[in-house]
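Visitor: What follows is upload-v3.pdb, PDB, C-alpha atoms and all ligand atoms.
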```
ATOM      1  CA  MET A 140      74.115 143.147  17.990  1.00  0.00           C
ATOM      2  CA  ASP A 141      73.026 146.673  17.121  1.00  0.00           C
ATOM      3  CA  ASN A 142      74.567 149.879  18.506  1.00  0.00           C
ATOM      4  CA  ASN A 143      71.725 150.687  20.864  1.00  0.00           C
ATOM      5  CA  GLN A 144      71.914 147.243  22.404  1.00  0.00           C
ATOM      6  CA  SER A 145      75.689 147.444  22.939  1.00  0.00           C
ATOM      7  CA  TYR A 146      75.268 150.911  24.393  1.00  0.00           C
ATOM      8  CA  LEU A 147      72.686 149.690  26.913  1.00  0.00           C
ATOM      9  CA  LEU A 148      74.766 146.661  27.834  1.00  0.00           C
ATOM     10  CA  ASN A 149      77.738 148.928  28.562  1.00  0.00           C
ATOM     11  CA  LEU A 150      75.558 151.267  30.579  1.00  0.00           C
ATOM     12  CA  HIS A 151      74.573 148.311  32.718  1.00  0.00           C
ATOM     13  CA  THR A 152      75.988 148.456  36.238  1.00  0.00           C
ATOM     14  CA  GLN A 153      73.240 147.415  38.591  1.00  0.00           C
ATOM     15  CA  THR A 154      73.253 143.631  38.364  1.00  0.00           C
ATOM     16  CA  ASP A 155      73.792 141.477  41.396  1.00  0.00           C
ATOM     17  CA  VAL A 156      77.549 140.921  41.152  1.00  0.00           C
ATOM     18  CA  ASN A 157      77.502 137.593  42.974  1.00  0.00           C
ATOM     19  CA  ILE A 158      74.852 135.797  41.004  1.00  0.00           C
ATOM     20  CA  GLU A 159      76.191 137.395  37.841  1.00  0.00           C
ATOM     21  CA  ALA A 160      79.317 135.238  38.195  1.00  0.00           C
ATOM     22  CA  LEU A 161      77.152 132.332  37.005  1.00  0.00           C
ATOM     23  CA  ARG A 162      76.763 133.982  33.620  1.00  0.00           C
ATOM     24  CA  THR A 163      80.426 133.288  32.919  1.00  0.00           C
ATOM     25  CA  TYR A 164      79.878 129.607  33.768  1.00  0.00           C
ATOM     26  CA  ALA A 165      76.745 129.477  31.621  1.00  0.00           C
ATOM     27  CA  GLU A 166      78.490 131.021  28.642  1.00  0.00           C
ATOM     28  CA  ALA A 167      81.473 128.681  28.914  1.00  0.00           C
ATOM     29  CA  ASN A 168      79.183 125.646  29.176  1.00  0.00           C
ATOM     30  CA  LYS A 169      76.621 126.769  26.588  1.00  0.00           C
ATOM     31  CA  VAL A 170      73.748 126.888  29.060  1.00  0.00           C
ATOM     32  CA  PRO A 171      71.140 129.202  27.513  1.00  0.00           C
ATOM     33  CA  ILE A 172      70.354 131.517  30.431  1.00  0.00           C
ATOM     34  CA  VAL A 173      68.177 134.604  30.058  1.00  0.00           C
ATOM     35  CA  ASP A 174      69.846 137.562  28.309  1.00  0.00           C
ATOM     36  CA  LYS A 175      70.811 140.638  30.332  1.00  0.00           C
ATOM     37  CA  LEU A 176      68.362 143.250  29.069  1.00  0.00           C
ATOM     38  CA  THR A 177      65.539 140.703  29.125  1.00  0.00           C
ATOM     39  CA  LEU A 178      66.409 139.933  32.733  1.00  0.00           C
ATOM     40  CA  ASP A 179      66.292 143.660  33.548  1.00  0.00           C
ATOM     41  CA  MET A 180      62.836 143.836  32.019  1.00  0.00           C
ATOM     42  CA  ILE A 181      61.551 140.836  33.982  1.00  0.00           C
ATOM     43  CA  LYS A 182      63.019 142.088  37.273  1.00  0.00           C
ATOM     44  CA  GLN A 183      61.349 145.434  36.674  1.00  0.00           C
ATOM     45  CA  LEU A 184      58.019 143.655  36.063  1.00  0.00           C
ATOM     46  CA  ILE A 185      58.568 141.837  39.345  1.00  0.00           C
ATOM     47  CA  ARG A 186      59.140 145.141  41.167  1.00  0.00           C
ATOM     48  CA  LEU A 187      55.952 146.549  39.648  1.00  0.00           C
ATOM     49  CA  HIS A 188      53.692 143.519  40.000  1.00  0.00           C
ATOM     50  CA  LYS A 189      55.186 142.325  43.333  1.00  0.00           C
ATOM     51  CA  PRO A 190      54.488 138.615  42.842  1.00  0.00           C
ATOM     52  CA  GLN A 191      54.555 136.489  45.955  1.00  0.00           C
ATOM     53  CA  ASN A 192      54.686 133.174  44.086  1.00  0.00           C
ATOM     54  CA  ILE A 193      56.460 132.650  40.792  1.00  0.00           C
ATOM     55  CA  LEU A 194      56.425 129.424  38.766  1.00  0.00           C
ATOM     56  CA  GLU A 195      59.338 128.870  36.405  1.00  0.00           C
ATOM     57  CA  ILE A 196      59.444 126.163  33.712  1.00  0.00           C
ATOM     58  CA  GLY A 197      63.114 125.452  32.900  1.00  0.00           C
ATOM     59  CA  THR A 198      65.571 126.017  35.752  1.00  0.00           C
ATOM     60  CA  ALA A 199      68.892 125.134  34.080  1.00  0.00           C
ATOM     61  CA  ILE A 200      71.573 126.144  36.626  1.00  0.00           C
ATOM     62  CA  GLY A 201      69.167 128.245  38.683  1.00  0.00           C
ATOM     63  CA  TYR A 202      70.386 131.579  37.366  1.00  0.00           C
ATOM     64  CA  SER A 203      67.054 133.216  36.506  1.00  0.00           C
ATOM     65  CA  ALA A 204      65.317 131.794  39.599  1.00  0.00           C
ATOM     66  CA  MET A 205      68.044 133.258  41.823  1.00  0.00           C
ATOM     67  CA  GLN A 206      67.910 136.589  40.034  1.00  0.00           C
ATOM     68  CA  PHE A 207      64.133 136.765  40.528  1.00  0.00           C
ATOM     69  CA  ALA A 208      64.457 135.727  44.192  1.00  0.00           C
ATOM     70  CA  SER A 209      67.063 138.430  44.756  1.00  0.00           C
ATOM     71  CA  VAL A 210      64.491 141.154  44.040  1.00  0.00           C
ATOM     72  CA  SER A 211      62.743 140.604  47.383  1.00  0.00           C
ATOM     73  CA  LYS A 212      62.848 138.260  50.359  1.00  0.00           C
ATOM     74  CA  ASP A 213      59.057 137.957  50.059  1.00  0.00           C
ATOM     75  CA  ILE A 214      59.209 136.137  46.731  1.00  0.00           C
ATOM     76  CA  ASN A 215      58.871 132.359  46.569  1.00  0.00           C
ATOM     77  CA  ILE A 216      59.897 130.557  43.410  1.00  0.00           C
ATOM     78  CA  THR A 217      58.896 127.097  42.278  1.00  0.00           C
ATOM     79  CA  THR A 218      61.057 125.982  39.378  1.00  0.00           C
ATOM     80  CA  ILE A 219      60.884 122.792  37.296  1.00  0.00           C
ATOM     81  CA  GLU A 220      63.855 121.091  35.598  1.00  0.00           C
ATOM     82  CA  ARG A 221      64.022 117.687  33.884  1.00  0.00           C
ATOM     83  CA  ASP A 222      67.751 117.336  33.208  1.00  0.00           C
ATOM     84  CA  SER A 223      69.613 115.624  36.057  1.00  0.00           C
ATOM     85  CA  GLU A 224      72.918 117.420  35.477  1.00  0.00           C
ATOM     86  CA  MET A 225      71.136 120.772  35.541  1.00  0.00           C
ATOM     87  CA  GLN A 226      69.227 119.754  38.684  1.00  0.00           C
ATOM     88  CA  LEU A 227      72.541 119.060  40.430  1.00  0.00           C
ATOM     89  CA  LYS A 228      74.055 122.364  39.356  1.00  0.00           C
ATOM     90  CA  ALA A 229      70.933 124.265  40.344  1.00  0.00           C
ATOM     91  CA  LYS A 230      70.836 122.682  43.806  1.00  0.00           C
ATOM     92  CA  GLU A 231      74.520 123.455  44.302  1.00  0.00           C
ATOM     93  CA  ASN A 232      74.061 127.095  43.263  1.00  0.00           C
ATOM     94  CA  ILE A 233      70.884 127.678  45.260  1.00  0.00           C
ATOM     95  CA  GLU A 234      72.638 126.345  48.382  1.00  0.00           C
ATOM     96  CA  LYS A 235      75.766 128.352  47.723  1.00  0.00           C
ATOM     97  CA  TYR A 236      73.848 131.613  47.410  1.00  0.00           C
ATOM     98  CA  CYS A 237      71.682 130.736  50.449  1.00  0.00           C
ATOM     99  CA  LEU A 238      68.411 130.916  48.550  1.00  0.00           C
ATOM    100  CA  SER A 239      66.983 127.490  49.469  1.00  0.00           C
ATOM    101  CA  ASN A 240      64.391 129.192  51.670  1.00  0.00           C
ATOM    102  CA  GLN A 241      63.001 131.061  48.651  1.00  0.00           C
ATOM    103  CA  ILE A 242      63.467 128.572  45.804  1.00  0.00           C
ATOM    104  CA  ARG A 243      61.798 125.175  45.523  1.00  0.00           C
ATOM    105  CA  LEU A 244      63.262 122.948  42.804  1.00  0.00           C
ATOM    106  CA  VAL A 245      60.876 120.379  41.320  1.00  0.00           C
ATOM    107  CA  GLU A 246      62.700 117.618  39.478  1.00  0.00           C
ATOM    108  CA  GLY A 247      61.108 116.092  36.397  1.00  0.00           C
ATOM    109  CA  ASP A 248      59.485 116.810  33.057  1.00  0.00           C
ATOM    110  CA  ALA A 249      57.306 119.882  33.386  1.00  0.00           C
ATOM    111  CA  LEU A 250      54.577 118.161  31.379  1.00  0.00           C
ATOM    112  CA  GLU A 251      54.178 115.771  34.326  1.00  0.00           C
ATOM    113  CA  GLN A 252      54.710 117.908  37.411  1.00  0.00           C
ATOM    114  CA  PHE A 253      51.352 119.620  37.803  1.00  0.00           C
ATOM    115  CA  SER A 254      50.415 117.676  40.936  1.00  0.00           C
ATOM    116  CA  ASN A 255      53.724 118.670  42.555  1.00  0.00           C
ATOM    117  CA  VAL A 256      53.235 122.402  42.129  1.00  0.00           C
ATOM    118  CA  ASN A 257      49.467 122.899  42.461  1.00  0.00           C
ATOM    119  CA  ASP A 258      49.612 123.490  46.206  1.00  0.00           C
ATOM    120  CA  ARG A 259      49.347 127.260  45.602  1.00  0.00           C
ATOM    121  CA  ALA A 260      48.231 129.907  43.143  1.00  0.00           C
ATOM    122  CA  TYR A 261      50.893 131.847  41.237  1.00  0.00           C
ATOM    123  CA  ASP A 262      51.185 135.540  40.440  1.00  0.00           C
ATOM    124  CA  MET A 263      53.678 135.026  37.642  1.00  0.00           C
ATOM    125  CA  ILE A 264      54.745 132.166  35.360  1.00  0.00           C
ATOM    126  CA  PHE A 265      58.018 132.202  33.424  1.00  0.00           C
ATOM    127  CA  ILE A 266      58.054 129.785  30.478  1.00  0.00           C
ATOM    128  CA  ASP A 267      61.640 129.059  29.431  1.00  0.00           C
ATOM    129  CA  ALA A 268      62.028 125.331  28.663  1.00  0.00           C
ATOM    130  CA  ALA A 269      61.692 123.312  25.415  1.00  0.00           C
ATOM    131  CA  LYS A 270      60.557 125.937  22.929  1.00  0.00           C
ATOM    132  CA  ALA A 271      58.258 123.643  20.934  1.00  0.00           C
ATOM    133  CA  GLN A 272      56.288 122.916  24.108  1.00  0.00           C
ATOM    134  CA  SER A 273      55.534 126.454  25.285  1.00  0.00           C
ATOM    135  CA  LYS A 274      51.836 126.140  24.425  1.00  0.00           C
ATOM    136  CA  LYS A 275      51.518 122.895  26.379  1.00  0.00           C
ATOM    137  CA  PHE A 276      53.199 124.468  29.400  1.00  0.00           C
ATOM    138  CA  PHE A 277      50.954 127.504  29.094  1.00  0.00           C
ATOM    139  CA  GLU A 278      47.770 125.404  28.922  1.00  0.00           C
ATOM    140  CA  LEU A 279      48.817 123.101  31.725  1.00  0.00           C
ATOM    141  CA  TYR A 280      49.951 125.718  34.247  1.00  0.00           C
ATOM    142  CA  THR A 281      47.904 128.870  33.655  1.00  0.00           C
ATOM    143  CA  PRO A 282      44.906 127.448  35.576  1.00  0.00           C
ATOM    144  CA  LEU A 283      47.180 128.049  38.581  1.00  0.00           C
ATOM    145  CA  LEU A 284      47.700 131.708  37.618  1.00  0.00           C
ATOM    146  CA  LYS A 285      45.698 134.334  39.457  1.00  0.00           C
ATOM    147  CA  GLU A 286      43.468 136.767  37.590  1.00  0.00           C
ATOM    148  CA  GLY A 287      45.674 139.741  36.694  1.00  0.00           C
ATOM    149  CA  GLY A 288      48.733 137.476  36.825  1.00  0.00           C
ATOM    150  CA  ILE A 289      51.500 137.581  34.248  1.00  0.00           C
ATOM    151  CA  VAL A 290      52.928 134.919  31.949  1.00  0.00           C
ATOM    152  CA  ILE A 291      56.349 135.686  30.531  1.00  0.00           C
ATOM    153  CA  THR A 292      57.593 133.593  27.620  1.00  0.00           C
ATOM    154  CA  ASP A 293      61.257 133.782  26.630  1.00  0.00           C
ATOM    155  CA  ASN A 294      62.815 133.208  23.195  1.00  0.00           C
ATOM    156  CA  VAL A 295      59.682 133.951  21.140  1.00  0.00           C
ATOM    157  CA  LEU A 296      61.877 135.247  18.277  1.00  0.00           C
ATOM    158  CA  TYR A 297      64.244 132.277  18.541  1.00  0.00           C
ATOM    159  CA  HIS A 298      67.591 133.285  16.989  1.00  0.00           C
ATOM    160  CA  GLY A 299      65.832 135.411  14.382  1.00  0.00           C
ATOM    161  CA  PHE A 300      64.451 132.215  12.815  1.00  0.00           C
ATOM    162  CA  VAL A 301      60.841 133.006  13.736  1.00  0.00           C
ATOM    163  CA  SER A 302      60.745 136.024  11.436  1.00  0.00           C
ATOM    164  CA  ASP A 303      62.699 134.221   8.696  1.00  0.00           C
ATOM    165  CA  ILE A 304      62.307 130.460   8.781  1.00  0.00           C
ATOM    166  CA  SER A 305      63.861 130.132   5.318  1.00  0.00           C
ATOM    167  CA  VAL A 306      67.369 130.385   6.823  1.00  0.00           C
ATOM    168  CA  VAL A 307      66.819 127.258   8.935  1.00  0.00           C
ATOM    169  CA  ARG A 308      68.568 124.267   7.405  1.00  0.00           C
ATOM    170  CA  THR A 309      67.810 121.351   9.733  1.00  0.00           C
ATOM    171  CA  ARG A 310      64.446 119.631   9.929  1.00  0.00           C
ATOM    172  CA  ASN A 311      64.345 119.515  13.748  1.00  0.00           C
ATOM    173  CA  VAL A 312      64.995 123.202  14.188  1.00  0.00           C
ATOM    174  CA  ARG A 313      62.498 124.030  11.435  1.00  0.00           C
ATOM    175  CA  GLN A 314      59.855 121.957  13.227  1.00  0.00           C
ATOM    176  CA  MET A 315      60.591 123.728  16.501  1.00  0.00           C
ATOM    177  CA  VAL A 316      60.504 127.199  14.924  1.00  0.00           C
ATOM    178  CA  LYS A 317      57.119 126.378  13.345  1.00  0.00           C
ATOM    179  CA  ARG A 318      55.799 125.552  16.792  1.00  0.00           C
ATOM    180  CA  VAL A 319      57.096 128.865  18.144  1.00  0.00           C
ATOM    181  CA  ILE A 320      55.355 130.715  15.296  1.00  0.00           C
ATOM    182  CA  GLU A 321      52.109 128.866  16.045  1.00  0.00           C
ATOM    183  CA  TYR A 322      52.470 129.639  19.733  1.00  0.00           C
ATOM    184  CA  ASN A 323      52.988 133.350  19.137  1.00  0.00           C
ATOM    185  CA  GLU A 324      49.899 133.575  16.921  1.00  0.00           C
ATOM    186  CA  TRP A 325      47.817 131.533  19.332  1.00  0.00           C
ATOM    187  CA  LEU A 326      48.970 133.711  22.225  1.00  0.00           C
ATOM    188  CA  MET A 327      48.265 136.952  20.375  1.00  0.00           C
ATOM    189  CA  ASN A 328      44.727 135.709  19.600  1.00  0.00           C
ATOM    190  CA  ASN A 329      44.041 134.331  23.063  1.00  0.00           C
ATOM    191  CA  GLU A 330      41.187 136.476  24.320  1.00  0.00           C
ATOM    192  CA  SER A 331      41.699 135.602  27.954  1.00  0.00           C
ATOM    193  CA  TYR A 332      45.114 137.301  27.893  1.00  0.00           C
ATOM    194  CA  THR A 333      46.519 140.600  26.745  1.00  0.00           C
ATOM    195  CA  THR A 334      49.965 140.030  25.266  1.00  0.00           C
ATOM    196  CA  ASN A 335      52.706 142.250  24.005  1.00  0.00           C
ATOM    197  CA  PHE A 336      55.857 141.076  22.249  1.00  0.00           C
ATOM    198  CA  LEU A 337      59.217 142.722  22.805  1.00  0.00           C
ATOM    199  CA  ASN A 338      61.885 142.797  20.117  1.00  0.00           C
ATOM    200  CA  MET A 339      64.631 142.550  22.699  1.00  0.00           C
ATOM    201  CA  ASP A 340      67.390 139.939  22.773  1.00  0.00           C
ATOM    202  CA  ASP A 341      65.818 136.611  21.736  1.00  0.00           C
ATOM    203  CA  GLY A 342      62.255 137.965  22.001  1.00  0.00           C
ATOM    204  CA  LEU A 343      59.976 138.189  25.006  1.00  0.00           C
ATOM    205  CA  ALA A 344      56.184 137.879  25.328  1.00  0.00           C
ATOM    206  CA  ILE A 345      54.388 139.408  28.301  1.00  0.00           C
ATOM    207  CA  SER A 346      50.803 138.200  28.795  1.00  0.00           C
ATOM    208  CA  ILE A 347      48.398 139.519  31.399  1.00  0.00           C
ATOM    209  CA  LYS A 348      45.525 137.297  32.474  1.00  0.00           C
ATOM    210  CA  GLY A 349      42.168 138.993  32.078  1.00  0.00           C
ATOM    211  CA  GLU A 350      39.957 140.273  29.283  1.00  0.00           C
ATOM    212  CA  SER A 351      41.609 142.964  27.188  1.00  0.00           C
ATOM    213  CA  LYS A 352      40.121 146.413  27.411  1.00  0.00           C
TER     214      LYS A 352
HETATM  215  N1  LIG B   1      65.513 129.799  32.946  1.00  0.00           N
HETATM  216  C1  LIG B   1      66.947 129.527  32.881  1.00  0.00           C
HETATM  217  C2  LIG B   1      67.357 128.876  31.567  1.00  0.00           C
HETATM  218  C3  LIG B   1      66.589 127.650  31.202  1.00  0.00           C
HETATM  219  S1  LIG B   1      67.289 126.815  29.803  1.00  0.00           S
HETATM  220  C4  LIG B   1      67.697 130.833  33.025  1.00  0.00           C
HETATM  221  O1  LIG B   1      67.349 131.786  32.319  1.00  0.00           O
HETATM  222  O2  LIG B   1      68.631 130.918  33.842  1.00  0.00           O
HETATM  223  C5  LIG B   1      66.020 125.650  29.502  1.00  0.00           C
HETATM  224  C6  LIG B   1      65.991 124.502  30.495  1.00  0.00           C
HETATM  225  O3  LIG B   1      64.727 123.857  30.362  1.00  0.00           O
HETATM  226  C7  LIG B   1      67.049 123.430  30.244  1.00  0.00           C
HETATM  227  O4  LIG B   1      67.821 123.248  31.406  1.00  0.00           O
HETATM  228  C8  LIG B   1      66.246 122.168  29.932  1.00  0.00           C
HETATM  229  O5  LIG B   1      66.796 120.980  30.486  1.00  0.00           O
HETATM  230  C9  LIG B   1      64.911 122.484  30.597  1.00  0.00           C
HETATM  231  N2  LIG B   1      63.766 121.797  30.002  1.00  0.00           N
HETATM  232  C10 LIG B   1      63.470 121.650  28.693  1.00  0.00           C
HETATM  233  N3  LIG B   1      62.316 120.993  28.549  1.00  0.00           N
HETATM  234  C11 LIG B   1      61.848 120.737  29.797  1.00  0.00           C
HETATM  235  C12 LIG B   1      60.709 120.073  30.295  1.00  0.00           C
HETATM  236  N4  LIG B   1      59.802 119.525  29.476  1.00  0.00           N
HETATM  237  N5  LIG B   1      60.551 119.990  31.626  1.00  0.00           N
HETATM  238  C13 LIG B   1      61.467 120.509  32.469  1.00  0.00           C
HETATM  239  N6  LIG B   1      62.581 121.138  32.053  1.00  0.00           N
HETATM  240  C14 LIG B   1      62.770 121.246  30.729  1.00  0.00           C
HETATM  241 MG    MG B   2      65.476 131.585  27.596  1.00  0.00          MG
END
```
The structure given in the file should be rewritten as structure tokens.
Guide:
Amino acid sequence: MDNNQSYLLNLHTQTDVNIEALRTYAEANKVPIVDKLTLDMIKQLIRLHKPQNILEIGTAIGYSAMQFASVSKDINITTIERDSEMQLKAKENIEKYCLSNQIRLVEGDALEQFSNVNDRAYDMIFIDAAKAQSKKFFELYTPLLKEGGIVITDNVLYHGFVSDISVVRTRNVRQMVKRVIEYNEWLMNNESYTTNFLNMDDGLAISIKGESK
């Protein structure tokens, strides 16, 4: 971690103290929840864009969904998770923090849940599940995104491997990193979206739907 990043993390005081307790659980149990400064960025985008409906791919324990919901009572989140243990944890947490009225958990593989979430249009989509599948998620769900809507993709620099794949030793990870590289290039060249990439934490891509000007 560089000095600027540690400085900003220490400066950090405004997080929701209650939900933040889940970060300790996530760290102890190796659940890859969104990094702190990235979360700040996304919450700020939510305050600016004021989405009414957010679609999240990859719930895990519900941490990011609850953080997004905490920005405003007017936000509804639909979040998809395939892992049954994670589904249980997420349900437990969402109940505990009394956010069931704002968060709808859809259980199953996100590649197969389109018909369970297409009852509304979305203002924002957060892609944070299996990293090799980000393009598939993007293609499947962005027809539900409103014009001017935002797609946020997490982990686009995956552990620093995206910029230097030569350090990757295992075949599986190498395959996955190649897919992330392909996704980033495809996204950058997608003329229906304007995308910028942030070199923050594990890398974040912010894409706005609509022709670039
Ligand atoms: N967004 C969460 C972290 C998600 S971690 C947060 O920041 O708090 C990624 C999650 O995506 C894991 O729980 C994993 O089980 C789930 N996942 C991976 N591939 C998926 C798929 N195809 N469909 C649904 N969930 C998936
Ligand atoms: Mg992530």
Visitor: Extract, using only C-alpha atoms, all DNA, RNA and protein residues at most 9 Å from Phe207 in chain A, discarding same-chain residues fewer than 5 positions from it, and format them as number ranges by chain.
Guide: A: 178, 181-182, 185, 193, 202, 214, 216
Visitor: Please compute the CA of Leu238 in chain A-CA of Lys212 in chain A distance, one decimal, in Å.
Guide: 9.4 Å
Visitor: Could you jot down the CA of Leu283 in chain A to CA of Leu184 in chain A separation for me, Å, one decimal place?
Guide: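 So the two atoms, CA of Leu283 in chain A and CA of Leu184 in chain A, lie 19.2 Å apart.
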Visitor: May I ask you to write as a list in words all residues lying at most 7 Å from ligand LIG 1 (chain B), with all atoms listed in the file counted?
Guide: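 The distance check yields Val170, Pro171, Ile172, Val173, Ile196, Gly197, Thr198, Ala199, Ile200, Gly201, Tyr202, Ser203, Ala204, Ile219, Glu220, Arg221, Asp222, Met225, Gly247, Asp248, Ala249, Leu250, Asp267, Ala268 and Ala269 of chain A.
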Visitor: Under the rule that only C-alpha atoms and all ligand atoms are counted, which of A:Glu224, A:Asp141, A:Asp262, A:Glu195 is the nearest residue to ligand MG 2 (chain B)?
Guide: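 Among A:Glu224, A:Asp141, A:Asp262, A:Glu195, it is A:Glu195 that comes nearest to ligand MG 2 (chain B).
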Visitor: State, in Å with one decimal place, the distance from CA of Met339 in chain A to CA of Ser145 in chain A.
Guide: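 Computing it gives 12.1 Å between the two atoms.
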Visitor: With the PyMOL selection byres (((chain A and resi 348) around 7) and not hetatm) as the selection, what would be picked from this file? Answer as a list in words, please.
Guide: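 After applying the PyMOL selection byres (((chain A and resi 348) around 7) and not hetatm), what remains is Glu286, Gly287, Gly288, Ile289, Ser331, Tyr332, Thr333, Ser346, Ile347 and Gly349 of chain A.
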Visitor: Store the residues picked out above, limited to C-alpha atoms, as a short mmCIF file (atom, residue, chain, number, x, y, z; two decimals), in the frame of the given file.
Guide:
```
data_model
loop_
_atom_site.label_atom_id
_atom_site.label_comp_id
_atom_site.auth_asym_id
_atom_site.auth_seq_id
_atom_site.Cartn_x
_atom_site.Cartn_y
_atom_site.Cartn_z
CA GLU A 286 43.47 136.77 37.59
CA GLY A 287 45.67 139.74 36.69
CA GLY A 288 48.73 137.48 36.83
CA ILE A 289 51.50 137.58 34.25
CA SER A 331 41.70 135.60 27.95
CA TYR A 332 45.11 137.30 27.89
CA THR A 333 46.52 140.60 26.74
CA SER A 346 50.80 138.20 28.80
CA ILE A 347 48.40 139.52 31.40
CA GLY A 349 42.17 138.99 32.08
#
```
Visitor: Measuring between all atoms listed in the file, which one of A:Glu166, A:Glu246, A:Glu321, A:Asp340 shows the shortest distance to ligand MG 2 (chain B)?
Guide: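 Under the stated criterion, the closest residue is A:Asp340.
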Visitor: Supply range 324-338 of chain A as a PDB file, in the coordinates of the input, with N, CA, C and O atoms built in where the input has gaps.
Guide:
```pdb
ATOM      1  N   GLU A 324      51.186 133.184  17.509  1.00  0.00           N
ATOM      2  CA  GLU A 324      49.899 133.575  16.921  1.00  0.00           C
ATOM      3  C   GLU A 324      48.745 133.192  17.836  1.00  0.00           C
ATOM      4  O   GLU A 324      47.806 133.966  18.048  1.00  0.00           O
ATOM      5  N   TRP A 325      48.847 132.010  18.407  1.00  0.00           N
ATOM      6  CA  TRP A 325      47.817 131.533  19.332  1.00  0.00           C
ATOM      7  C   TRP A 325      47.731 132.466  20.554  1.00  0.00           C
ATOM      8  O   TRP A 325      46.649 132.837  21.000  1.00  0.00           O
ATOM      9  N   LEU A 326      48.898 132.849  21.050  1.00  0.00           N
ATOM     10  CA  LEU A 326      48.970 133.711  22.225  1.00  0.00           C
ATOM     11  C   LEU A 326      48.384 135.088  21.916  1.00  0.00           C
ATOM     12  O   LEU A 326      47.595 135.644  22.694  1.00  0.00           O
ATOM     13  N   MET A 327      48.764 135.636  20.772  1.00  0.00           N
ATOM     14  CA  MET A 327      48.265 136.952  20.375  1.00  0.00           C
ATOM     15  C   MET A 327      46.737 136.947  20.256  1.00  0.00           C
ATOM     16  O   MET A 327      46.082 137.922  20.604  1.00  0.00           O
ATOM     17  N   ASN A 328      46.178 135.801  19.803  1.00  0.00           N
ATOM     18  CA  ASN A 328      44.727 135.709  19.600  1.00  0.00           C
ATOM     19  C   ASN A 328      43.971 135.166  20.802  1.00  0.00           C
ATOM     20  O   ASN A 328      42.752 135.012  20.750  1.00  0.00           O
ATOM     21  N   ASN A 329      44.681 134.878  21.868  1.00  0.00           N
ATOM     22  CA  ASN A 329      44.041 134.331  23.063  1.00  0.00           C
ATOM     23  C   ASN A 329      43.297 135.454  23.797  1.00  0.00           C
ATOM     24  O   ASN A 329      43.913 136.360  24.362  1.00  0.00           O
ATOM     25  N   GLU A 330      41.979 135.364  23.789  1.00  0.00           N
ATOM     26  CA  GLU A 330      41.187 136.476  24.320  1.00  0.00           C
ATOM     27  C   GLU A 330      41.164 136.574  25.836  1.00  0.00           C
ATOM     28  O   GLU A 330      40.741 137.577  26.393  1.00  0.00           O
ATOM     29  N   SER A 331      41.647 135.541  26.488  1.00  0.00           N
ATOM     30  CA  SER A 331      41.699 135.602  27.954  1.00  0.00           C
ATOM     31  C   SER A 331      42.961 136.308  28.459  1.00  0.00           C
ATOM     32  O   SER A 331      43.125 136.507  29.664  1.00  0.00           O
ATOM     33  N   TYR A 332      43.849 136.641  27.530  1.00  0.00           N
ATOM     34  CA  TYR A 332      45.114 137.301  27.893  1.00  0.00           C
ATOM     35  C   TYR A 332      45.356 138.502  27.003  1.00  0.00           C
ATOM     36  O   TYR A 332      44.943 138.523  25.845  1.00  0.00           O
ATOM     37  N   THR A 333      46.039 139.480  27.551  1.00  0.00           N
ATOM     38  CA  THR A 333      46.519 140.600  26.745  1.00  0.00           C
ATOM     39  C   THR A 333      48.030 140.455  26.660  1.00  0.00           C
ATOM     40  O   THR A 333      48.714 140.439  27.683  1.00  0.00           O
ATOM     41  N   THR A 334      48.536 140.329  25.436  1.00  0.00           N
ATOM     42  CA  THR A 334      49.965 140.030  25.266  1.00  0.00           C
ATOM     43  C   THR A 334      50.660 141.112  24.464  1.00  0.00           C
ATOM     44  O   THR A 334      50.105 141.617  23.488  1.00  0.00           O
ATOM     45  N   ASN A 335      51.864 141.459  24.898  1.00  0.00           N
ATOM     46  CA  ASN A 335      52.706 142.250  24.005  1.00  0.00           C
ATOM     47  C   ASN A 335      54.042 141.552  23.812  1.00  0.00           C
ATOM     48  O   ASN A 335      54.512 140.810  24.673  1.00  0.00           O
ATOM     49  N   PHE A 336      54.606 141.734  22.616  1.00  0.00           N
ATOM     50  CA  PHE A 336      55.857 141.076  22.249  1.00  0.00           C
ATOM     51  C   PHE A 336      56.962 142.116  22.194  1.00  0.00           C
ATOM     52  O   PHE A 336      56.781 143.174  21.595  1.00  0.00           O
ATOM     53  N   LEU A 337      58.092 141.791  22.822  1.00  0.00           N
ATOM     54  CA  LEU A 337      59.217 142.722  22.805  1.00  0.00           C
ATOM     55  C   LEU A 337      60.320 142.217  21.879  1.00  0.00           C
ATOM     56  O   LEU A 337      60.755 141.065  21.990  1.00  0.00           O
ATOM     57  N   ASN A 338      60.767 143.111  21.011  1.00  0.00           N
ATOM     58  CA  ASN A 338      61.885 142.797  20.117  1.00  0.00           C
ATOM     59  C   ASN A 338      63.180 143.129  20.847  1.00  0.00           C
ATOM     60  O   ASN A 338      63.854 144.101  20.552  1.00  0.00           O
TER      61      ASN A 338
END
```
